[in-house]
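Novice: Got a structure for you, input-v5.json, holding JSON, C-alpha atoms.
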[["chain", "number", "residue", "atom", "x", "y", "z"],
["A", 30, "MET", "CA", -8.07, 1.45, -20.52],
["A", 31, "THR", "CA", -10.75, 3.55, -22.20],
["A", 32, "ASP", "CA", -12.35, 6.50, -20.44],
["A", 33, "SER", "CA", -15.73, 4.65, -20.32],
["A", 34, "ALA", "CA", -14.53, 1.86, -18.02],
["A", 35, "THR", "CA", -16.40, 0.69, -14.95],
["A", 36, "VAL", "CA", -14.88, 0.31, -11.49],
["A", 37, "PRO", "CA", -14.82, -3.52, -11.90],
["A", 38, "ASP", "CA", -13.02, -3.03, -15.25],
["A", 39, "LEU", "CA", -10.37, -0.96, -13.48],
["A", 40, "ILE", "CA", -9.98, -3.54, -10.75],
["A", 41, "ASP", "CA", -9.60, -6.32, -13.35],
["A", 42, "HIS", "CA", -6.91, -4.24, -15.04],
["A", 43, "ALA", "CA", -5.17, -3.66, -11.70],
["A", 44, "LEU", "CA", -5.37, -7.32, -10.68],
["A", 45, "ALA", "CA", -3.83, -8.48, -13.98],
["A", 46, "ALA", "CA", -0.84, -6.23, -13.33],
["A", 47, "TYR", "CA", -0.81, -7.32, -9.68],
["A", 48, "ALA", "CA", -0.49, -10.96, -10.74],
["A", 49, "ASP", "CA", 2.64, -10.09, -12.72],
["A", 50, "LEU", "CA", 4.02, -8.22, -9.70],
["A", 51, "THR", "CA", 3.32, -11.26, -7.52],
["A", 52, "ALA", "CA", 5.22, -13.48, -9.95],
["A", 53, "LEU", "CA", 8.22, -11.12, -9.75],
["A", 54, "GLY", "CA", 8.11, -11.09, -5.95],
["A", 55, "GLU", "CA", 8.11, -14.90, -5.92],
["A", 56, "ASP", "CA", 11.72, -14.73, -7.15],
["A", 57, "VAL", "CA", 12.67, -14.06, -3.53],
["A", 58, "GLU", "CA", 12.49, -17.72, -2.55],
["A", 59, "ASP", "CA", 12.56, -17.13, 1.22],
["A", 60, "GLU", "CA", 9.46, -14.96, 0.94],
["A", 61, "TRP", "CA", 7.47, -17.14, -1.46],
["A", 62, "SER", "CA", 4.73, -18.00, 1.02],
["A", 63, "TYR", "CA", 4.50, -14.47, 2.36],
["A", 64, "VAL", "CA", 4.31, -13.07, -1.16],
["A", 65, "ASN", "CA", 1.42, -15.36, -2.02],
["A", 66, "ASP", "CA", -0.43, -14.81, 1.25],
["A", 67, "LEU", "CA", -0.06, -11.05, 0.86],
["A", 68, "SER", "CA", -1.19, -11.14, -2.74],
["A", 69, "ALA", "CA", -4.19, -13.33, -1.92],
["A", 70, "SER", "CA", -5.27, -11.03, 0.90],
["A", 71, "TRP", "CA", -5.20, -7.87, -1.21],
["A", 72, "THR", "CA", -6.71, -9.59, -4.23],
["A", 73, "ASP", "CA", -9.62, -10.64, -2.03],
["A", 74, "ARG", "CA", -10.08, -7.04, -0.83],
["A", 75, "LEU", "CA", -10.10, -5.65, -4.37],
["A", 76, "GLU", "CA", -12.44, -8.37, -5.65],
["A", 77, "ARG", "CA", -14.92, -7.57, -2.88],
["A", 78, "ILE", "CA", -14.92, -3.91, -3.88],
["A", 79, "SER", "CA", -15.43, -4.94, -7.49],
["A", 80, "ALA", "CA", -18.49, -6.94, -6.47],
["A", 81, "ASP", "CA", -19.84, -4.15, -4.27],
["A", 82, "ARG", "CA", -19.49, -1.59, -7.06],
["A", 83, "ALA", "CA", -20.62, -3.75, -9.98],
["A", 84, "GLY", "CA", -21.73, -1.53, -12.86],
["A", 85, "ALA", "CA", -20.37, 1.69, -11.31],
["A", 86, "GLU", "CA", -18.82, 3.98, -13.90],
["A", 87, "ALA", "CA", -15.23, 5.03, -13.27],
["A", 88, "THR", "CA", -14.25, 8.64, -13.81],
["A", 89, "ALA", "CA", -11.62, 9.59, -16.37],
["A", 90, "ALA", "CA", -9.34, 10.60, -13.50],
["A", 91, "GLN", "CA", -9.73, 7.16, -11.90],
["A", 92, "VAL", "CA", -8.92, 5.46, -15.20],
["A", 93, "ALA", "CA", -5.80, 7.59, -15.61],
["A", 94, "ALA", "CA", -4.80, 6.95, -11.99],
["A", 95, "VAL", "CA", -5.01, 3.18, -12.27],
["A", 96, "ASP", "CA", -3.22, 3.24, -15.65],
["A", 97, "GLN", "CA", -0.42, 5.28, -14.04],
["A", 98, "ALA", "CA", -0.20, 2.92, -11.06],
["A", 99, "VAL", "CA", -0.04, -0.08, -13.42],
["A", 100, "ALA", "CA", 2.75, 1.64, -15.38],
["A", 101, "GLU", "CA", 4.61, 2.25, -12.13],
["A", 102, "ILE", "CA", 4.65, -1.41, -11.12],
["A", 103, "ALA", "CA", 5.40, -2.50, -14.67],
["A", 104, "ALA", "CA", 8.68, -0.54, -14.38],
["A", 105, "ILE", "CA", 9.82, -2.62, -11.39],
["A", 106, "SER", "CA", 12.49, -5.21, -12.09],
["A", 107, "ASP", "CA", 13.83, -5.83, -8.57],
["A", 108, "PRO", "CA", 11.89, -8.62, -6.81],
["A", 109, "HIS", "CA", 12.48, -7.06, -3.39],
["A", 110, "ARG", "CA", 10.94, -3.81, -4.52],
["A", 111, "ALA", "CA", 8.12, -5.85, -6.04],
["A", 112, "ILE", "CA", 7.34, -7.17, -2.55],
["A", 113, "ASP", "CA", 7.17, -3.60, -1.22],
["A", 114, "TRP", "CA", 4.68, -2.79, -3.96],
["A", 115, "LEU", "CA", 2.55, -5.86, -3.30],
["A", 116, "SER", "CA", 1.39, -3.89, -0.28],
["A", 117, "THR", "CA", 1.62, -0.39, -1.75],
["A", 118, "PHE", "CA", -0.11, -0.90, -5.11],
["A", 119, "PRO", "CA", -3.50, -2.06, -3.76],
["A", 120, "GLN", "CA", -3.53, 0.91, -1.38],
["A", 121, "VAL", "CA", -2.90, 3.27, -4.28],
["A", 122, "VAL", "CA", -5.73, 1.70, -6.28],
["A", 123, "LEU", "CA", -8.09, 1.92, -3.29],
["A", 124, "VAL", "CA", -7.32, 5.60, -2.76],
["A", 125, "ALA", "CA", -7.83, 6.28, -6.48],
["A", 126, "LEU", "CA", -11.25, 4.61, -6.30],
["A", 127, "GLY", "CA", -12.23, 6.65, -3.26],
["A", 128, "GLU", "CA", -12.04, 3.69, -0.88],
["A", 129, "GLN", "CA", -10.33, 3.57, 2.50],
["A", 130, "PRO", "CA", -6.70, 2.48, 1.99],
["B", 28, "MET", "CA", 13.45, -0.96, 34.98],
["B", 29, "ARG", "CA", 15.59, 1.94, 33.79],
["B", 30, "PHE", "CA", 16.58, 3.53, 30.51],
["B", 31, "GLN", "CA", 20.03, 4.22, 29.12],
["B", 32, "ASN", "CA", 21.45, 5.80, 25.97],
["B", 33, "ALA", "CA", 22.63, 3.27, 23.39],
["B", 34, "ALA", "CA", 26.37, 2.87, 22.89],
["B", 35, "ARG", "CA", 27.85, 5.33, 20.38],
["B", 36, "ASP", "CA", 29.32, 2.67, 18.11],
["B", 37, "GLY", "CA", 30.02, 3.09, 14.40],
["B", 38, "ARG", "CA", 26.52, 2.14, 13.37],
["B", 39, "ALA", "CA", 25.01, 4.64, 15.78],
["B", 40, "VAL", "CA", 27.22, 7.46, 14.51],
["B", 41, "VAL", "CA", 26.34, 6.79, 10.87],
["B", 42, "TYR", "CA", 22.65, 6.45, 11.66],
["B", 43, "ALA", "CA", 22.65, 9.66, 13.71],
["B", 44, "GLY", "CA", 23.81, 11.42, 10.56],
["B", 45, "ILE", "CA", 20.86, 9.97, 8.65],
["B", 46, "GLN", "CA", 18.43, 10.97, 11.39],
["B", 47, "ALA", "CA", 19.81, 14.51, 11.33],
["B", 48, "GLU", "CA", 19.19, 15.04, 7.61],
["B", 49, "PRO", "CA", 16.74, 17.97, 7.32],
["B", 50, "VAL", "CA", 14.47, 16.05, 4.94],
["B", 51, "VAL", "CA", 13.72, 13.53, 7.69],
["B", 52, "ALA", "CA", 12.28, 16.12, 10.06],
["B", 53, "ARG", "CA", 10.48, 17.87, 7.21],
["B", 54, "VAL", "CA", 8.72, 14.73, 5.95],
["B", 55, "ALA", "CA", 7.89, 13.60, 9.48],
["B", 56, "ALA", "CA", 6.35, 16.96, 10.35],
["B", 57, "LEU", "CA", 4.18, 16.88, 7.23],
["B", 58, "LEU", "CA", 3.10, 13.28, 7.80],
["B", 59, "ALA", "CA", 2.16, 13.95, 11.41],
["B", 60, "ASP", "CA", -0.80, 16.01, 10.19],
["B", 61, "ALA", "CA", -1.48, 14.02, 7.02],
["B", 62, "THR", "CA", -4.61, 12.12, 6.05],
["B", 63, "PRO", "CA", -4.42, 8.35, 5.42],
["B", 64, "ALA", "CA", -4.50, 9.00, 1.65],
["B", 65, "GLN", "CA", -1.61, 11.46, 1.91],
["B", 66, "ARG", "CA", 0.36, 8.91, 3.91],
["B", 67, "VAL", "CA", -0.29, 6.25, 1.25],
["B", 68, "MET", "CA", 0.95, 8.71, -1.38],
["B", 69, "ALA", "CA", 4.13, 9.38, 0.62],
["B", 70, "ARG", "CA", 4.75, 5.66, 0.99],
["B", 71, "ALA", "CA", 4.23, 5.07, -2.74],
["B", 72, "VAL", "CA", 6.51, 7.93, -3.80],
["B", 73, "MET", "CA", 9.30, 6.93, -1.42],
["B", 74, "ASN", "CA", 8.99, 3.31, -2.66],
["B", 75, "GLY", "CA", 8.64, 4.34, -6.27],
["B", 76, "GLU", "CA", 10.59, 4.22, -9.49],
["B", 77, "THR", "CA", 9.22, 7.45, -10.99],
["B", 78, "THR", "CA", 10.58, 10.82, -9.90],
["B", 79, "ASP", "CA", 8.32, 12.85, -12.22],
["B", 80, "PRO", "CA", 5.76, 14.63, -10.01],
["B", 81, "SER", "CA", 3.10, 14.77, -12.71],
["B", 82, "GLY", "CA", 2.84, 10.97, -12.79],
["B", 83, "TRP", "CA", 2.20, 10.86, -9.07],
["B", 84, "MET", "CA", -0.36, 13.64, -9.29],
["B", 85, "THR", "CA", -2.21, 11.60, -11.92],
["B", 86, "MET", "CA", -2.05, 8.54, -9.68],
["B", 87, "PHE", "CA", -3.73, 10.35, -6.77],
["B", 88, "PRO", "CA", -6.78, 12.19, -8.17],
["B", 89, "THR", "CA", -8.36, 12.48, -4.73],
["B", 90, "LEU", "CA", -5.37, 14.62, -3.67],
["B", 91, "PHE", "CA", -4.48, 16.49, -6.88],
["B", 92, "GLY", "CA", -7.52, 16.22, -9.18],
["B", 93, "ALA", "CA", -9.11, 19.22, -10.87],
["B", 94, "ASP", "CA", -11.97, 19.11, -8.36],
["B", 95, "VAL", "CA", -9.64, 19.36, -5.34],
["B", 96, "ALA", "CA", -9.77, 23.00, -4.28],
["B", 97, "GLU", "CA", -6.72, 25.06, -3.49],
["B", 98, "GLY", "CA", -6.27, 25.21, 0.27],
["B", 99, "PRO", "CA", -4.33, 23.74, 3.19],
["B", 100, "GLN", "CA", -4.97, 20.08, 2.32],
["B", 101, "ARG", "CA", -3.91, 20.44, -1.30],
["B", 102, "ALA", "CA", -0.87, 22.46, -0.22],
["B", 103, "ARG", "CA", 0.03, 19.71, 2.24],
["B", 104, "SER", "CA", -0.33, 17.06, -0.50],
["B", 105, "GLU", "CA", 1.99, 19.07, -2.74],
["B", 106, "ALA", "CA", 4.54, 19.53, 0.05],
["B", 107, "ILE", "CA", 4.46, 15.81, 0.90],
["B", 108, "LEU", "CA", 4.97, 14.94, -2.77],
["B", 109, "THR", "CA", 7.90, 17.36, -3.14],
["B", 110, "THR", "CA", 9.70, 16.21, -0.01],
["B", 111, "SER", "CA", 8.98, 12.51, -0.66],
["B", 112, "LEU", "CA", 10.56, 12.86, -4.10],
["B", 113, "LYS", "CA", 13.70, 14.23, -2.46],
["B", 114, "VAL", "CA", 13.93, 10.95, -0.54],
["B", 115, "ALA", "CA", 13.10, 8.85, -3.61],
["B", 116, "ASP", "CA", 15.83, 10.59, -5.59],
["B", 117, "ARG", "CA", 18.56, 9.21, -3.32],
["B", 118, "GLY", "CA", 20.43, 5.94, -3.88],
["B", 119, "GLU", "CA", 18.69, 2.78, -2.75],
["B", 120, "GLN", "CA", 20.68, 2.31, 0.46],
["B", 121, "VAL", "CA", 20.36, 5.92, 1.62],
["B", 122, "ARG", "CA", 16.69, 5.95, 0.64],
["B", 123, "SER", "CA", 16.09, 2.91, 2.81],
["B", 124, "GLN", "CA", 17.88, 4.49, 5.78],
["B", 125, "LEU", "CA", 15.98, 7.76, 5.35],
["B", 126, "ARG", "CA", 12.64, 5.95, 5.26],
["B", 127, "GLY", "CA", 13.43, 4.18, 8.52],
["B", 128, "ALA", "CA", 14.49, 7.42, 10.15],
["B", 129, "ILE", "CA", 11.29, 9.11, 8.93],
["B", 130, "VAL", "CA", 9.08, 6.49, 10.61],
["B", 131, "GLU", "CA", 10.98, 6.98, 13.86],
["B", 132, "ALA", "CA", 10.77, 10.77, 13.66],
["B", 133, "LEU", "CA", 7.06, 10.58, 12.83],
["B", 134, "THR", "CA", 6.47, 8.24, 15.78],
["B", 135, "ALA", "CA", 8.31, 10.60, 18.12],
["B", 136, "ALA", "CA", 6.43, 13.63, 16.81],
["B", 137, "LEU", "CA", 3.04, 12.00, 17.35],
["B", 138, "LEU", "CA", 3.95, 10.73, 20.81],
["B", 139, "GLU", "CA", 5.14, 14.20, 21.84],
["B", 140, "ARG", "CA", 1.62, 15.50, 21.26],
["B", 141, "ARG", "CA", 0.34, 13.14, 23.95],
["B", 142, "VAL", "CA", 3.13, 13.00, 26.51],
["B", 143, "GLY", "CA", 5.28, 16.08, 25.82],
["B", 144, "ALA", "CA", 8.70, 16.26, 24.23],
["B", 145, "GLY", "CA", 10.57, 15.74, 27.47],
["B", 146, "ALA", "CA", 9.27, 12.21, 27.91],
["B", 147, "VAL", "CA", 10.09, 10.99, 24.37],
["B", 148, "HIS", "CA", 13.55, 9.58, 23.70],
["B", 149, "ARG", "CA", 15.34, 7.91, 20.80],
["B", 150, "GLU", "CA", 17.78, 5.00, 20.57],
["B", 151, "ARG", "CA", 17.49, 3.88, 24.18],
["B", 152, "ARG", "CA", 18.17, 0.62, 25.94],
["B", 153, "ILE", "CA", 15.97, -0.69, 28.71],
["B", 154, "LEU", "CA", 17.76, -2.31, 31.62],
["B", 155, "PHE", "CA", 16.27, -4.82, 34.05],
["B", 156, "ASP", "CA", 17.87, -6.24, 37.17],
["B", 157, "GLY", "CA", 19.62, -9.52, 36.47],
["B", 158, "VAL", "CA", 18.81, -9.51, 32.76],
["B", 159, "ARG", "CA", 21.40, -9.23, 30.01],
["B", 160, "THR", "CA", 20.92, -6.03, 28.02],
["B", 161, "GLU", "CA", 19.61, -6.36, 24.47],
["B", 162, "ILE", "CA", 22.15, -5.35, 21.83],
["B", 163, "HIS", "CA", 19.71, -3.31, 19.76],
["B", 164, "PRO", "CA", 18.24, -0.18, 21.30],
["B", 165, "TYR", "CA", 14.55, 0.67, 21.05],
["B", 166, "ASP", "CA", 13.82, 3.21, 18.32],
["B", 167, "VAL", "CA", 11.57, 5.40, 20.44],
["B", 168, "THR", "CA", 10.70, 5.27, 24.12],
["B", 169, "VAL", "CA", 8.35, 7.16, 26.39],
["B", 170, "GLU", "CA", 9.89, 7.45, 29.82],
["B", 171, "ARG", "CA", 7.40, 8.31, 32.55],
["B", 172, "ASP", "CA", 6.96, 6.91, 36.04],
["B", 173, "GLY", "CA", 4.38, 4.14, 35.92],
["B", 174, "ALA", "CA", 3.61, 4.57, 32.22],
["B", 175, "ALA", "CA", 6.66, 3.72, 30.12],
["B", 176, "GLU", "CA", 6.40, 2.77, 26.45],
["B", 177, "ALA", "CA", 8.79, 1.23, 23.93],
["B", 178, "TYR", "CA", 8.39, 1.31, 20.14],
["B", 179, "ASP", "CA", 10.10, -0.44, 17.30],
["B", 180, "CYS", "CA", 9.53, 1.36, 14.01],
["B", 181, "LYS", "CA", 9.56, -0.18, 10.54],
["B", 182, "TRP", "CA", 8.91, 1.17, 7.08],
["B", 183, "GLY", "CA", 7.14, -1.95, 5.83],
["B", 184, "ALA", "CA", 5.46, -5.12, 7.02],
["B", 185, "ARG", "CA", 8.40, -7.14, 5.79],
["B", 186, "GLY", "CA", 10.43, -5.66, 8.62],
["B", 187, "ILE", "CA", 8.42, -7.68, 11.12],
["B", 188, "ASN", "CA", 10.54, -10.61, 12.27],
["B", 189, "ALA", "CA", 11.04, -12.93, 15.22],
["B", 190, "ASP", "CA", 13.92, -10.94, 16.72],
["B", 191, "VAL", "CA", 11.88, -7.75, 16.91],
["B", 192, "LEU", "CA", 8.85, -9.50, 18.37],
["B", 193, "HIS", "CA", 10.90, -11.36, 20.97],
["B", 194, "GLN", "CA", 12.73, -8.21, 22.04],
["B", 195, "LEU", "CA", 9.50, -6.30, 22.58],
["B", 196, "ASP", "CA", 7.76, -9.17, 24.34],
["B", 197, "ASP", "CA", 10.77, -9.91, 26.53],
["B", 198, "ALA", "CA", 10.93, -6.27, 27.64],
["B", 199, "ARG", "CA", 7.24, -6.28, 28.51],
["B", 200, "GLY", "CA", 7.68, -9.51, 30.47],
["B", 201, "HIS", "CA", 10.75, -8.31, 32.34],
["B", 202, "ALA", "CA", 8.94, -5.11, 33.25],
["B", 203, "ALA", "CA", 6.02, -7.14, 34.57],
["B", 204, "ASP", "CA", 8.47, -9.19, 36.66],
["B", 205, "GLU", "CA", 9.51, -5.90, 38.28],
["B", 206, "GLU", "CA", 5.85, -4.91, 38.64],
["B", 207, "ALA", "CA", 6.42, -2.04, 36.23],
["B", 208, "ALA", "CA", 4.12, -1.13, 33.37],
["B", 209, "LEU", "CA", 5.67, -1.11, 29.90],
["B", 210, "ARG", "CA", 3.52, -0.70, 26.79],
["B", 211, "VAL", "CA", 5.30, -2.21, 23.77],
["B", 212, "ALA", "CA", 4.33, -1.67, 20.15],
["B", 213, "LEU", "CA", 5.41, -2.05, 16.57],
["B", 214, "VAL", "CA", 4.90, 1.03, 14.39],
["B", 215, "LEU", "CA", 4.64, 0.20, 10.69],
["B", 216, "PHE", "CA", 4.34, 2.73, 7.89],
["B", 217, "ASP", "CA", 2.37, 0.13, 5.97],
["B", 218, "ALA", "CA", -1.20, -1.06, 5.72],
["B", 219, "GLU", "CA", -2.56, -3.03, 8.67],
["B", 220, "ARG", "CA", -3.74, -5.76, 6.29],
["B", 221, "SER", "CA", -0.16, -6.37, 5.12],
["B", 222, "CYS", "CA", 1.13, -6.30, 8.68],
["B", 223, "ARG", "CA", -1.46, -8.87, 9.82],
["B", 224, "VAL", "CA", -0.45, -11.19, 6.98],
["B", 225, "ARG", "CA", 3.16, -10.90, 8.12],
["B", 226, "LEU", "CA", 2.31, -11.35, 11.79],
["B", 227, "ASP", "CA", 0.20, -14.43, 11.10],
["B", 228, "ARG", "CA", 3.33, -16.14, 9.82],
["B", 229, "GLN", "CA", 5.34, -15.50, 12.99],
["B", 230, "THR", "CA", 5.73, -18.00, 15.80],
["B", 231, "ALA", "CA", 7.18, -15.41, 18.19],
["B", 232, "PRO", "CA", 4.78, -14.06, 20.83],
["B", 233, "THR", "CA", 2.57, -11.21, 19.59],
["B", 234, "ALA", "CA", -0.33, -11.07, 22.05],
["B", 235, "GLY", "CA", 1.23, -8.41, 24.28],
["B", 236, "THR", "CA", 2.59, -6.27, 21.45],
["B", 237, "GLU", "CA", 0.41, -3.58, 19.98],
["B", 238, "LEU", "CA", 0.39, -3.00, 16.22],
["B", 239, "ILE", "CA", 0.16, 0.56, 14.98],
["B", 240, "ALA", "CA", -0.14, 0.67, 11.20],
["B", 241, "LEU", "CA", -0.39, 3.42, 8.62],
["B", 242, "GLU", "CA", -4.15, 3.79, 9.11],
["B", 243, "THR", "CA", -3.89, 4.01, 12.91],
["B", 244, "LEU", "CA", -0.79, 6.18, 13.40],
["B", 245, "ASP", "CA", -2.82, 8.93, 15.03],
["B", 246, "ARG", "CA", -3.39, 6.61, 18.01],
["B", 247, "LEU", "CA", 0.17, 7.48, 19.04],
["B", 248, "ALA", "CA", -0.99, 11.02, 19.68],
["B", 249, "SER", "CA", -4.33, 10.17, 21.23],
["B", 250, "GLY", "CA", -3.36, 7.18, 23.32]]
Take the structure in the file and write it out as structure tokens.
Specialist:
Amino acid sequence: MTDSATVPDLIDHALAAYADLTALGEDVEDEWSYVNDLSASWTDRLERISADRAGAEATAAQVAAVDQAVAEIAAISDPHRAIDWLSTFPQVVLVALGEQP
Amino acid sequence: MRFQNAARDGRAVVYAGIQAEPVVARVAALLADATPAQRVMARAVMNGETTDPSGWMTMFPTLFGADVAEGPQRARSEAILTTSLKVADRGEQVRSQLRGAIVEALTAALLERRVGAGAVHRERRILFDGVRTEIHPYDVTVERDGAAEAYDCKWGARGINADVLHQLDDARGHAADEEAALRVALVLFDAERSCRVRLDRQTAPTAGTELIALETLDRLASG
């Protein structure tokens, strides 16, 4: 991401990575429905924040934070750990954006 | 209704060793006074792949950014990061056991603020007349006349399952049969949103079981 991103840009970036994380978590067949329900719930939360903060400029620190969080989940290869991060990652993004986790 | 120490079987002995690791008490003490953002950071670090502190400091600008002044809150964030990394640096199995023990220790620490240390116990069974004793002990109990409480503690929402929900609800029901009050709750070191998604999928009874999630942990201390 560039330093001149908006908050919705950051959330788009986060959600793209989150979709990949969801796909990895789906490898745990017994948890397929839970994985998708969890992902849908957090995606909805982040999309609502994106709409509420349309046009809001992100700070350089927020851009770096979301980039770092995306790098963290990109390093995950274990689908069980991916499921842990389906809950953790959105909370990290929310905190970085100054929202309630 | 009465309480009893759990049997000292092999599992209990091994787990007591985990609970006694100094890092467990240290992390729990720091998290007891932490903000929600600091607790999210601790959860992320102890779930994480990266053990480089600078990456985590970048990820949490509201805790470590250039505009966050030196002071008690920043010092607490740094201490939580350092101790959480000590947990993350362990092997996967030990890390998982430590995380579970930390949630229990944190729960006990917060409860002690409300009811006093003497009333808070760990790894206890609850016995009812004419009812077969559950195999698994309760992680944390508050034992007071007329105001007993039983808690099952989990690191993440995925730990919510039918067995746990049935055990808590059965205990509450058996207590009611004896006209005794027993508050039962699940304590999750995870976001309430994630816990609700998990609970919505369960067919076991949940109405009488309180949910205490990462955002609401301080309710343990306040009631």
Novice: Just the number, please: distance in Å from atom CA of Thr109 of chain B to atom CA of Glu128 of chain A, one decimal.
Specialist: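 The value is 24.3 Å.
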Novice: I need the contact residues of chain A against chain B, so if you could list those with any atom within 12 Å, counting only C-alpha atoms, and return them as a count of residues only, that would help.
Specialist: 57
Novice: My list of candidates is B:His163, B:Phe91, B:Leu154, B:Ala128. Which is closest to Glu105 of chain B when distances are computed with only C-alpha atoms?
Specialist: B:Phe91
Novice: Which is closest to Met73 of chain B among B:Val114, B:Ala33, B:Ala39, B:Ala96, if we use all atoms listed in the file?
Specialist: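 When distances to Met73 of chain B are compared using all atoms listed in the file, the smallest one comes from B:Val114.
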Novice: Just to confirm, what's the straight-line distance from atom CA of Thr78 of chain B to atom CA of Ala52 of chain A in Å (one decimal)?
Specialist: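 Pair atom CA of Thr78 of chain B / atom CA of Ala52 of chain A returns 24.9 Å.
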Novice: Expressed in Å to a single decimal, how great is the separation between atom CA of Val130 of chain B and atom CA of Asn188 of chain B?
Specialist: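 Computed distance, atom CA of Val130 of chain B to atom CA of Asn188 of chain B, equals 17.2 Å.
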Novice: Tell me which of B:Leu125, B:Ala115, B:Val167, B:Val50 sits closest to Val147 of chain B, counting all atoms listed in the file.
Specialist: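 That would be B:Val167, the residue with the smallest distance to Val147 of chain B.
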Novice: Could you pull the residues within 8 Å of Glu170 of chain B, counting all atoms listed in the file, minus those fewer than 5 positions along the same chain, as a list in words?
Specialist: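 The neighbour list is Phe30, Ala146, Val147, His148, Ala175 and Glu176 of chain B.
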Novice: Return the single residue from B:Ile153, B:Ile129, B:Ala198, B:Val41 that is closest to Cys180 of chain B, with distances computed using all atoms listed in the file.
Specialist: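 With all atoms listed in the file as the atom set, the closest residue is B:Ile129.
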Novice: Would you list the contacts of Val51 of chain B as a CSV table (one decimal) with C-alpha atoms, in the coordinates of the input, taking every protein, DNA or RNA residue within 12 Å and counting all atoms listed in the file, but skipping same-chain residues closer than 3 positions in sequence?
Specialist:
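Result written to part_8.csv:
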chain,number,residue,atom,x,y,z
B,43,ALA,CA,22.6,9.7,13.7
B,44,GLY,CA,23.8,11.4,10.6
B,45,ILE,CA,20.9,10.0,8.6
B,46,GLN,CA,18.4,11.0,11.4
B,47,ALA,CA,19.8,14.5,11.3
B,48,GLU,CA,19.2,15.0,7.6
B,54,VAL,CA,8.7,14.7,6.0
B,55,ALA,CA,7.9,13.6,9.5
B,56,ALA,CA,6.4,17.0,10.4
B,57,LEU,CA,4.2,16.9,7.2
B,58,LEU,CA,3.1,13.3,7.8
B,107,ILE,CA,4.5,15.8,0.9
B,110,THR,CA,9.7,16.2,0.0
B,111,SER,CA,9.0,12.5,-0.7
B,113,LYS,CA,13.7,14.2,-2.5
B,114,VAL,CA,13.9,11.0,-0.5
B,121,VAL,CA,20.4,5.9,1.6
B,122,ARG,CA,16.7,6.0,0.6
B,123,SER,CA,16.1,2.9,2.8
B,124,GLN,CA,17.9,4.5,5.8
B,125,LEU,CA,16.0,7.8,5.4
B,126,ARG,CA,12.6,6.0,5.3
B,127,GLY,CA,13.4,4.2,8.5
B,128,ALA,CA,14.5,7.4,10.2
B,129,ILE,CA,11.3,9.1,8.9
B,130,VAL,CA,9.1,6.5,10.6
B,131,GLU,CA,11.0,7.0,13.9
B,132,ALA,CA,10.8,10.8,13.7
B,133,LEU,CA,7.1,10.6,12.8
B,136,ALA,CA,6.4,13.6,16.8
Novice: Would you pick out the contacts of Pro37 of chain A at 9 Å or less, using all atoms listed in the file, so that residues sharing its chain but fewer than 4 positions from it are not included, and give the list as an NGL selection string?
Specialist: :A and (41-42 or 76 or 78-80 or 82-87)
Novice: Would you please work out which residue, of B:Tyr42, B:Asp245, B:Ala174, B:Arg141, is nearest to Val211 of chain B when using all atoms listed in the file?
Specialist: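 Between B:Tyr42, B:Asp245, B:Ala174, B:Arg141, the residue approaching Val211 of chain B most closely is B:Ala174.
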Novice: Would you place a box with edges along x, y and z of the file around all atoms of segment 64-67 of chain A listed there, add 5 Å to each of its six sides, and report the centre and edge lengths in Å to one decimal, as AutoDock Vina command-line options?
Specialist:
--center_x 1.9 --center_y -13.2 --center_z -0.4 --size_x 14.7 --size_y 14.3 --size_z 13.3
Novice: Extract segment 207-216 of chain B from the preceding block and save N, CA and C atoms as a PDB file, in the first residue's frame.
Specialist:
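Final output, result_10.pdb:
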ATOM      1  N   ALA B 207     -29.896 -24.128  45.338  1.00  0.00           N
ATOM      2  CA  ALA B 207     -28.641 -23.399  45.551  1.00  0.00           C
ATOM      3  C   ALA B 207     -28.363 -22.545  44.316  1.00  0.00           C
ATOM      4  N   ALA B 208     -27.779 -21.388  44.530  1.00  0.00           N
ATOM      5  CA  ALA B 208     -27.454 -20.510  43.409  1.00  0.00           C
ATOM      6  C   ALA B 208     -26.072 -20.862  42.869  1.00  0.00           C
ATOM      7  N   LEU B 209     -25.971 -21.032  41.562  1.00  0.00           N
ATOM      8  CA  LEU B 209     -24.679 -21.280  40.930  1.00  0.00           C
ATOM      9  C   LEU B 209     -24.645 -20.512  39.608  1.00  0.00           C
ATOM     10  N   ARG B 210     -23.817 -19.487  39.570  1.00  0.00           N
ATOM     11  CA  ARG B 210     -23.612 -18.721  38.330  1.00  0.00           C
ATOM     12  C   ARG B 210     -22.614 -19.505  37.485  1.00  0.00           C
ATOM     13  N   VAL B 211     -22.926 -19.761  36.229  1.00  0.00           N
ATOM     14  CA  VAL B 211     -21.993 -20.485  35.358  1.00  0.00           C
ATOM     15  C   VAL B 211     -21.668 -19.617  34.157  1.00  0.00           C
ATOM     16  N   ALA B 212     -20.403 -19.672  33.729  1.00  0.00           N
ATOM     17  CA  ALA B 212     -19.976 -18.807  32.630  1.00  0.00           C
ATOM     18  C   ALA B 212     -18.815 -19.416  31.867  1.00  0.00           C
ATOM     19  N   LEU B 213     -18.771 -19.048  30.608  1.00  0.00           N
ATOM     20  CA  LEU B 213     -17.623 -19.336  29.752  1.00  0.00           C
ATOM     21  C   LEU B 213     -16.781 -18.067  29.671  1.00  0.00           C
ATOM     22  N   VAL B 214     -15.483 -18.205  29.882  1.00  0.00           N
ATOM     23  CA  VAL B 214     -14.567 -17.075  29.720  1.00  0.00           C
ATOM     24  C   VAL B 214     -13.715 -17.353  28.486  1.00  0.00           C
ATOM     25  N   LEU B 215     -13.799 -16.468  27.514  1.00  0.00           N
ATOM     26  CA  LEU B 215     -13.069 -16.640  26.258  1.00  0.00           C
ATOM     27  C   LEU B 215     -12.111 -15.481  26.046  1.00  0.00           C
ATOM     28  N   PHE B 216     -10.857 -15.797  25.784  1.00  0.00           N
ATOM     29  CA  PHE B 216      -9.904 -14.728  25.449  1.00  0.00           C
ATOM     30  C   PHE B 216      -9.973 -14.498  23.941  1.00  0.00           C
TER      31      PHE B 216
END
